[in-house]
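Shown next: start.tsv, given as TSV, C-alpha atoms.
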```tsv
chain	number	residue	atom	x	y	z
A	1	MET	CA	13.27	-15.89	3.12
A	2	LYS	CA	13.80	-16.37	6.81
A	3	LEU	CA	14.16	-13.62	9.37
A	4	GLN	CA	16.33	-13.96	12.42
A	5	ILE	CA	14.48	-14.69	15.66
A	6	ALA	CA	15.31	-11.23	17.02
A	7	SER	CA	13.71	-9.56	13.97
A	8	GLN	CA	10.61	-11.74	14.29
A	9	LEU	CA	10.27	-10.97	17.99
A	10	ALA	CA	10.70	-7.26	17.35
A	11	ILE	CA	7.97	-7.26	14.71
A	12	PHE	CA	5.59	-9.23	16.94
A	13	ALA	CA	6.26	-6.91	19.88
A	14	VAL	CA	5.81	-3.75	17.83
A	15	LEU	CA	2.54	-5.07	16.41
A	16	GLN	CA	1.24	-5.83	19.89
A	17	LEU	CA	2.19	-2.37	21.14
A	18	ALA	CA	0.98	-0.50	18.04
A	19	ALA	CA	-2.41	-2.22	18.31
A	20	ARG	CA	-2.76	-0.69	21.80
A	21	PRO	CA	-0.98	2.66	21.54
A	22	ASP	CA	-2.51	3.96	24.77
A	23	LYS	CA	-1.35	1.01	26.84
A	24	GLN	CA	1.91	-0.21	28.23
A	25	LEU	CA	2.92	-3.83	28.05
A	26	SER	CA	5.72	-5.39	30.04
A	27	VAL	CA	8.28	-7.76	28.58
A	28	GLY	CA	6.58	-10.53	30.54
A	29	GLU	CA	3.18	-9.73	29.05
A	30	ILE	CA	4.48	-9.62	25.48
A	31	GLY	CA	6.55	-12.75	26.04
A	32	ALA	CA	3.53	-14.60	27.37
A	33	ILE	CA	1.53	-13.81	24.22
A	34	PHE	CA	4.13	-15.37	21.96
A	35	GLY	CA	5.52	-17.96	24.34
A	36	VAL	CA	9.06	-16.62	24.28
A	37	SER	CA	11.66	-16.17	26.98
A	38	ASN	CA	11.78	-12.84	28.78
A	39	HIS	CA	15.55	-12.88	28.58
A	40	HIS	CA	15.64	-12.93	24.79
A	41	LEU	CA	12.74	-10.52	24.42
A	42	ALA	CA	14.26	-8.02	26.87
A	43	LYS	CA	17.30	-7.66	24.63
A	44	VAL	CA	15.07	-7.06	21.63
A	45	MET	CA	12.99	-4.49	23.51
A	46	HIS	CA	16.15	-2.71	24.59
A	47	VAL	CA	17.15	-2.25	20.94
A	48	LEU	CA	13.66	-1.05	20.03
A	49	GLY	CA	13.73	1.37	22.96
A	50	ARG	CA	17.10	2.75	21.95
A	51	SER	CA	15.77	3.41	18.45
A	52	GLY	CA	12.87	5.43	19.86
A	53	LEU	CA	10.27	3.22	18.24
A	54	VAL	CA	9.01	2.24	21.69
A	55	ARG	CA	9.43	4.03	24.98
A	56	SER	CA	9.82	2.41	28.33
A	57	THR	CA	8.61	3.36	31.75
A	58	ARG	CA	10.26	1.90	34.79
A	59	GLY	CA	8.69	0.86	38.05
A	60	ALA	CA	5.41	-0.71	39.04
A	61	GLY	CA	2.95	-0.66	36.16
A	62	GLY	CA	5.78	0.21	33.81
A	63	GLY	CA	6.46	-1.34	30.49
A	64	TYR	CA	6.78	-0.48	26.85
A	65	GLN	CA	4.56	1.73	24.73
A	66	PHE	CA	4.54	2.28	20.98
A	67	ASN	CA	6.10	5.60	20.08
A	68	GLY	CA	6.10	5.70	16.28
A	69	ASN	CA	3.84	6.51	13.37
A	70	PRO	CA	2.23	3.21	12.31
A	71	ARG	CA	1.66	4.58	8.82
A	72	ARG	CA	5.31	5.42	8.32
A	73	ILE	CA	7.28	2.69	10.06
A	74	THR	CA	7.84	-0.30	7.79
A	75	LEU	CA	8.90	-3.87	8.48
A	76	LEU	CA	12.23	-3.05	6.86
A	77	ASP	CA	12.85	-0.30	9.43
A	78	ILE	CA	12.48	-2.87	12.20
A	79	VAL	CA	14.35	-5.73	10.56
A	80	GLU	CA	17.34	-3.54	9.78
A	81	MET	CA	17.79	-2.88	13.50
A	82	PHE	CA	18.64	-6.54	13.95
A	83	GLU	CA	20.15	-7.87	10.76
A	84	ASN	CA	21.89	-6.75	7.64
A	85	LEU	CA	19.81	-7.06	4.51
A	86	GLY	CA	22.52	-5.36	2.47
A	87	ALA	CA	23.18	-5.91	-1.20
A	88	GLY	CA	24.52	-9.19	-2.43
A	89	GLY	CA	24.30	-12.70	-1.14
A	90	LEU	CA	27.91	-13.84	-1.29
A	91	ASP	CA	30.53	-13.20	1.33
A	92	ALA	CA	33.24	-10.85	0.13
A	93	ASP	CA	35.86	-13.19	1.56
A	94	GLY	CA	34.14	-16.28	0.22
A	95	PRO	CA	35.54	-18.59	-2.44
A	96	ALA	CA	36.32	-17.32	-5.92
A	97	ILE	CA	34.22	-14.14	-5.73
A	98	THR	CA	35.90	-12.92	-8.91
A	99	THR	CA	34.87	-15.85	-11.09
A	100	GLY	CA	32.08	-15.69	-13.63
A	101	GLU	CA	30.14	-18.30	-11.66
A	102	ALA	CA	30.33	-16.25	-8.49
A	103	ARG	CA	29.26	-13.10	-10.26
A	104	ALA	CA	26.32	-14.86	-11.86
A	105	LEU	CA	25.21	-16.30	-8.53
A	106	HIS	CA	25.74	-12.93	-6.89
A	107	GLU	CA	23.43	-11.35	-9.49
A	108	VAL	CA	20.66	-13.87	-8.82
A	109	LEU	CA	20.98	-13.53	-5.04
A	110	SER	CA	20.97	-9.74	-5.36
A	111	GLU	CA	17.71	-9.97	-7.29
A	112	ILE	CA	16.15	-11.97	-4.45
A	113	ASN	CA	17.55	-9.51	-1.96
A	114	ASP	CA	16.15	-6.50	-3.83
A	115	ILE	CA	12.70	-8.04	-3.92
A	116	ALA	CA	12.85	-8.88	-0.22
A	117	ARG	CA	13.87	-5.33	0.66
A	118	ALA	CA	11.16	-3.82	-1.54
A	119	THR	CA	8.56	-6.08	0.06
A	120	LEU	CA	9.58	-5.37	3.64
A	121	GLY	CA	9.94	-1.68	2.88
A	122	SER	CA	6.46	-1.44	1.43
A	123	ILE	CA	4.57	-2.81	4.40
A	124	THR	CA	3.89	-0.41	7.23
A	125	ILE	CA	2.84	-1.33	10.74
A	126	ALA	CA	-0.65	-0.03	9.93
A	127	THR	CA	-0.81	-2.32	6.89
A	128	MET	CA	0.42	-5.25	8.97
A	129	LEU	CA	-2.25	-4.59	11.59
A	130	LYS	CA	-4.91	-4.75	8.86
A	131	LEU	CA	-3.38	-8.00	7.64
A	132	VAL	CA	-3.34	-9.43	11.16
A	133	GLU	CA	-7.01	-8.51	11.50
A	134	ARG	CA	-7.91	-10.18	8.20
A	135	ARG	CA	-5.98	-13.34	8.93
A	136	SER	CA	-7.46	-13.52	12.44
A	137	ASP	CA	-10.96	-13.13	10.99
A	138	GLU	CA	-10.25	-15.92	8.50
A	139	ILE	CA	-9.34	-18.36	11.21
A	140	GLY	CA	-12.14	-17.13	13.42
A	141	HIS	CA	-10.24	-15.98	16.46
A	142	THR	CA	-7.65	-13.58	17.71
A	143	PRO	CA	-3.99	-14.59	17.49
A	144	LYS	CA	-3.04	-17.22	20.03
A	145	PRO	CA	0.33	-17.40	21.71
A	146	VAL	CA	2.83	-19.19	19.55
A	147	ALA	CA	5.70	-21.17	21.01
A	148	MET	CA	8.61	-19.86	18.98
A	149	VAL	CA	11.68	-19.60	21.12
A	150	LYS	CA	12.59	-22.09	23.75
A	151	SER	CA	14.42	-20.57	26.66
B	1	MET	CA	-13.59	19.27	-28.09
B	2	ASP	CA	-15.70	16.81	-26.16
B	3	GLN	CA	-15.63	13.23	-27.22
B	4	PRO	CA	-18.61	10.97	-26.86
B	5	GLY	CA	-18.68	7.68	-25.01
B	6	ILE	CA	-16.72	6.91	-21.92
B	7	PHE	CA	-15.97	10.51	-21.06
B	8	GLU	CA	-19.58	11.59	-21.00
B	9	GLY	CA	-20.97	9.60	-18.10
B	10	PRO	CA	-22.89	11.41	-15.40
B	11	ALA	CA	-21.01	12.74	-12.43
B	12	GLU	CA	-20.79	10.10	-9.76
B	13	SER	CA	-20.57	10.26	-6.04
B	14	SER	CA	-17.19	10.02	-4.36
B	15	GLY	CA	-17.26	6.26	-4.74
B	16	VAL	CA	-16.92	5.81	-0.98
B	17	PRO	CA	-20.32	4.73	0.28
B	18	PRO	CA	-21.22	5.86	3.82
B	19	VAL	CA	-21.37	2.26	5.01
B	20	GLN	CA	-17.81	1.74	3.87
B	21	ILE	CA	-16.71	4.82	5.76
B	22	ILE	CA	-18.35	3.54	8.93
B	23	ALA	CA	-16.80	0.12	8.42
B	24	ALA	CA	-13.40	1.67	7.84
B	25	THR	CA	-13.77	3.73	10.99
B	26	ARG	CA	-14.77	0.74	13.09
B	27	PHE	CA	-11.94	-1.23	11.58
B	28	LEU	CA	-9.45	1.46	12.46
B	29	ASP	CA	-10.91	1.75	15.92
B	30	ARG	CA	-10.55	-1.96	16.43
B	31	ILE	CA	-7.07	-2.40	15.09
B	32	MET	CA	-5.53	0.76	16.38
B	33	GLY	CA	-7.21	0.64	19.77
B	34	SER	CA	-7.48	4.40	19.55
B	35	ARG	CA	-10.83	6.13	19.42
B	36	ARG	CA	-9.11	9.43	18.84
B	37	MET	CA	-7.42	8.17	15.69
B	38	ALA	CA	-10.65	6.55	14.49
B	39	LYS	CA	-12.54	9.80	15.06
B	40	SER	CA	-9.93	11.70	13.15
B	41	MET	CA	-10.19	9.23	10.26
B	42	THR	CA	-13.99	9.56	10.32
B	43	THR	CA	-13.66	13.27	9.88
B	44	THR	CA	-11.16	12.87	7.07
B	45	LEU	CA	-13.21	10.31	5.17
B	46	ARG	CA	-16.45	12.27	5.58
B	47	SER	CA	-14.67	15.36	4.53
B	48	VAL	CA	-13.34	13.60	1.42
B	49	LYS	CA	-16.79	12.28	0.56
B	50	GLU	CA	-18.34	15.71	0.90
B	51	ARG	CA	-15.67	17.51	-1.04
B	52	LEU	CA	-15.00	15.13	-3.91
B	53	THR	CA	-16.72	14.21	-7.11
B	54	ILE	CA	-15.41	11.13	-8.85
B	55	ARG	CA	-16.55	10.75	-12.42
B	56	ARG	CA	-15.40	9.36	-15.72
B	57	ALA	CA	-12.82	11.50	-17.47
B	58	ARG	CA	-13.88	13.80	-20.27
B	59	SER	CA	-11.79	15.17	-23.10
B	60	THR	CA	-11.91	18.57	-21.38
B	61	ASP	CA	-9.91	17.00	-18.56
B	62	THR	CA	-7.01	16.27	-20.92
B	63	PRO	CA	-5.01	19.46	-20.23
B	64	HIS	CA	-5.48	19.01	-16.48
B	65	VAL	CA	-4.30	15.40	-16.62
B	66	ILE	CA	-1.31	16.33	-18.80
B	67	ALA	CA	-0.40	19.14	-16.41
B	68	LEU	CA	-0.75	17.00	-13.29
B	69	ASP	CA	1.31	14.18	-14.79
B	70	ALA	CA	3.97	16.67	-15.92
B	71	ARG	CA	4.16	18.23	-12.44
B	72	ILE	CA	4.68	14.82	-10.86
B	73	THR	CA	6.96	13.15	-13.39
B	74	GLY	CA	8.73	16.26	-14.66
B	75	LEU	CA	7.93	15.26	-18.23
B	76	ALA	CA	4.97	16.49	-20.29
B	77	LYS	CA	3.51	13.78	-22.52
B	78	PRO	CA	0.67	15.43	-24.45
B	79	ASP	CA	0.75	12.91	-27.31
B	80	TYR	CA	0.59	9.98	-24.94
B	81	TRP	CA	-2.37	11.41	-23.03
B	82	GLN	CA	-4.25	12.41	-26.17
B	83	HIS	CA	-3.83	8.83	-27.33
B	84	GLU	CA	-4.98	7.47	-23.96
B	85	PHE	CA	-8.10	9.63	-23.96
B	86	ALA	CA	-8.89	8.66	-27.54
B	87	SER	CA	-8.36	4.96	-26.95
B	88	TYR	CA	-10.39	4.90	-23.74
B	89	SER	CA	-13.27	6.65	-25.49
B	90	GLU	CA	-13.36	3.75	-27.97
B	91	GLN	CA	-13.28	0.94	-25.40
B	92	PRO	CA	-16.39	-0.65	-23.87
B	93	PRO	CA	-17.31	1.68	-20.98
B	94	GLN	CA	-18.17	-1.25	-18.72
B	95	GLU	CA	-14.63	-2.59	-18.95
B	96	CYS	CA	-12.44	0.52	-19.09
B	97	PHE	CA	-12.33	3.16	-16.42
B	98	PHE	CA	-10.57	6.48	-16.55
B	99	LEU	CA	-11.81	8.20	-13.42
B	100	VAL	CA	-10.96	11.66	-12.16
B	101	ALA	CA	-11.49	13.31	-8.80
B	102	THR	CA	-12.56	16.94	-8.78
B	103	PRO	CA	-13.58	19.32	-6.00
B	104	ALA	CA	-17.34	18.85	-5.51
B	105	ASP	CA	-17.96	22.53	-4.94
B	106	GLN	CA	-16.33	23.71	-8.16
B	107	PRO	CA	-17.41	23.60	-11.81
B	108	GLU	CA	-16.95	20.17	-13.34
B	109	ASP	CA	-14.38	21.43	-15.79
B	110	SER	CA	-12.22	22.75	-12.97
B	111	ARG	CA	-8.81	21.32	-12.29
B	112	ILE	CA	-8.65	17.71	-11.24
B	113	LEU	CA	-7.24	16.51	-7.93
B	114	GLY	CA	-6.29	13.07	-9.16
B	115	TYR	CA	-7.02	10.30	-11.59
B	116	ILE	CA	-6.98	6.53	-11.80
B	117	ILE	CA	-6.99	4.41	-14.95
B	118	GLY	CA	-7.78	0.74	-15.23
B	119	GLU	CA	-9.47	-1.84	-17.33
B	120	ILE	CA	-10.58	-5.42	-17.28
B	121	ARG	CA	-8.34	-7.65	-19.32
B	122	ALA	CA	-8.54	-11.36	-19.87
B	123	TRP	CA	-6.24	-14.22	-20.75
B	124	GLU	CA	-3.06	-12.21	-21.11
B	125	PHE	CA	-0.24	-14.21	-19.50
B	126	GLY	CA	-2.84	-16.93	-18.99
B	127	SER	CA	-4.73	-14.82	-16.48
B	128	GLU	CA	-8.47	-15.09	-16.01
B	129	PRO	CA	-10.32	-11.77	-16.36
B	130	CYS	CA	-9.19	-9.28	-13.75
B	131	GLY	CA	-9.06	-5.52	-13.26
B	132	TRP	CA	-5.74	-3.88	-14.00
B	133	VAL	CA	-4.85	-0.48	-12.56
B	134	PHE	CA	-2.44	1.21	-14.94
B	135	ALA	CA	-2.12	4.66	-13.45
B	136	LEU	CA	-2.93	6.52	-10.28
B	137	SER	CA	-1.92	10.04	-9.48
B	138	VAL	CA	-2.95	12.64	-6.91
B	139	GLU	CA	-2.13	16.33	-6.88
B	140	PRO	CA	0.85	16.66	-4.51
B	141	ASP	CA	-0.75	19.54	-2.59
B	142	ALA	CA	-3.89	17.50	-2.02
B	143	ARG	CA	-2.28	14.29	-0.79
B	144	LEU	CA	-2.94	12.68	2.61
B	145	HIS	CA	-6.63	13.61	2.40
B	146	GLY	CA	-7.95	10.29	1.16
B	147	ILE	CA	-8.24	11.21	-2.52
B	148	GLY	CA	-6.15	8.25	-3.67
B	149	GLN	CA	-8.17	5.97	-1.40
B	150	ALA	CA	-11.43	7.33	-2.82
B	151	LEU	CA	-10.22	6.81	-6.40
B	152	PHE	CA	-9.02	3.31	-5.55
B	153	ALA	CA	-12.35	2.49	-3.88
B	154	ALA	CA	-14.24	3.85	-6.89
B	155	ILE	CA	-12.38	1.78	-9.46
B	156	SER	CA	-12.55	-1.29	-7.18
B	157	ALA	CA	-16.33	-0.89	-7.12
B	158	LYS	CA	-16.39	-0.57	-10.92
B	159	PHE	CA	-14.37	-3.75	-11.34
B	160	LYS	CA	-16.63	-5.57	-8.92
B	161	GLU	CA	-19.76	-4.35	-10.68
B	162	ALA	CA	-18.28	-5.63	-13.94
B	163	GLY	CA	-17.99	-9.08	-12.41
B	164	VAL	CA	-14.30	-9.56	-11.71
B	165	THR	CA	-13.09	-10.65	-8.32
B	166	LYS	CA	-9.44	-9.65	-8.51
B	167	MET	CA	-7.48	-6.55	-9.36
B	168	ARG	CA	-3.80	-6.08	-10.15
B	169	THR	CA	-1.25	-3.42	-10.71
B	170	MET	CA	2.50	-3.19	-11.26
B	171	VAL	CA	4.76	-0.89	-9.28
B	172	ALA	CA	8.46	-0.11	-9.64
B	173	ARG	CA	10.41	-1.65	-6.75
B	174	ASP	CA	11.86	1.72	-5.81
B	175	ASN	CA	8.54	3.57	-6.00
B	176	ARG	CA	8.03	3.67	-2.27
B	177	LEU	CA	5.05	6.01	-2.38
B	178	HIS	CA	2.96	3.81	-4.66
B	179	LEU	CA	4.10	0.60	-2.97
B	180	LEU	CA	3.07	1.90	0.43
B	181	PHE	CA	-0.25	3.09	-0.94
B	182	PHE	CA	-1.24	-0.12	-2.71
B	183	ARG	CA	-0.05	-2.25	0.21
B	184	GLY	CA	-2.12	-0.07	2.52
B	185	GLU	CA	-5.13	-0.78	0.35
B	186	GLY	CA	-4.63	-4.49	0.91
B	187	MET	CA	-2.79	-5.46	-2.27
B	188	MET	CA	-0.31	-8.33	-1.94
B	189	ALA	CA	2.26	-9.87	-4.28
B	190	GLY	CA	0.51	-11.82	-7.01
B	191	PRO	CA	1.39	-15.06	-8.76
B	192	TYR	CA	3.33	-13.43	-11.62
B	193	ILE	CA	6.93	-12.28	-11.76
B	194	GLN	CA	7.79	-9.51	-14.17
B	195	LEU	CA	10.87	-10.29	-16.30
B	196	GLU	CA	12.80	-8.17	-18.75
B	197	LYS	CA	15.96	-8.21	-20.86
B	198	GLU	CA	18.28	-5.65	-22.33
B	199	LEU	CA	18.18	-5.79	-26.14
B	200	ASN	CA	21.76	-5.15	-27.11
```

Now, as a test, write the supplied structure out as structure tokens.
Amino acid sequence: MKLQIASQLAIFAVLQLAARPDKQLSVGEIGAIFGVSNHHLAKVMHVLGRSGLVRSTRGAGGGYQFNGNPRRITLLDIVEMFENLGAGGLDADGPAITTGEARALHEVLSEINDIARATLGSITIATMLKLVERRSDEIGHTPKPVAMVKS
Amino acid sequence: MDQPGIFEGPAESSGVPPVQIIAATRFLDRIMGSRRMAKSMTTTLRSVKERLTIRRARSTDTPHVIALDARITGLAKPDYWQHEFASYSEQPPQECFFLVATPADQPEDSRILGYIIGEIRAWEFGSEPCGWVFALSVEPDARLHGIGQALFAAISAKFKEAGVTKMRTMVARDNRLHLLFFRGEGMMAGPYIQLEKELN
């Protein structure tokens, strides 16, 4: 399964903010950690801000702060702000949706989709932060910036 | 009527050693970046440790387990539970664990706050020996106080003592509560996929 870039950025940003709930981070600071463009990230942060999951403060020293319950917010909650993980894997206006072949393929893709939704819906931000900690310990350092989106 | 064997072990501590509580607190402090939250968790975990007894189930627990399960699932299954108690009393006590959590300050035959059931099984589906958790339930009124975590920690310790290095469970995809809990305890998807078929 592959998430859209916006969903990935949103998850990374929320994890950074949730790990420091008392602090504010600017778009530039978050972008620098992951090596992504401020322009793309700003759009993502705007959506997160509108949802209430993060709150923003304007002006000097302003930025974004986590505003949710890390033990209640799941990855699915975030991903669904940016992409549709709805049922089925075939386009309704695609070819021959009424054929037996299409229905069979639809059933298999729906199974994959159901598992993906259950997985994303079962992992909270708090669980992800534990996972980040474990993976960082395994590789012996804290997460390094990752070049993911070229501006 | 009391049954001998697995149900007659001595009362155990909460199963959450103090060092684990401190580690959990430091971990929370580190990952959440919030001393206030970590302090709150310290209080909760200490409070759980002080208030809970986790011990092997006894036959006198049967009505409490049946009642708790019925309250949660809406379906009383006395025959099933009688069978479970009987079969667990016949299994090797070092491989099968039916643990219950009770309030530490009340008589040991008082109502239970939760239970967890698991056993070590080997070579089914080609799997090397590992600990399976078959059931976990906590009194709805007593949830969010770390009882499930304490039960999970206790059975994890039992599995580890018995020499296995992995534990597994199976959860319905739409059982959000259990999925969130087990994920929160660090469980990840395993190498097996459960398959089924309608028998028409």

Residues within 12 Å of (4.9, 7.2, 18.6), counting only C-alpha atoms, listed as a ChimeraX atom specification: /A:14,17-22,49,51-56,64-73,125

Contact set, chain A to chain B: 9 Å, only C-alpha atoms, as number ranges by chain: A: 18-22, 71-72, 114-115, 117-119, 121-124, 126-133

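Here CA of Glu101 in chain A is placed at a distance of 21.3 Å from CA of Glu196 in chain B.
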
Among the residues A:Ser26, A:Leu85, A:Lys2, A:Gly35, the one that comes closest to Gly59 in chain A [using all atoms listed in the file]: A:Ser26

Surrounding residues of Glu128 in chain B excluding itself and chain neighbours under 3 positions, 12 Å, all atoms listed in the file, as a ChimeraX atom specification: /B:120-125,131-132,163-168

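Note that CA of Arg55 in chain B and CA of Leu99 in chain B are 5.5 Å apart.
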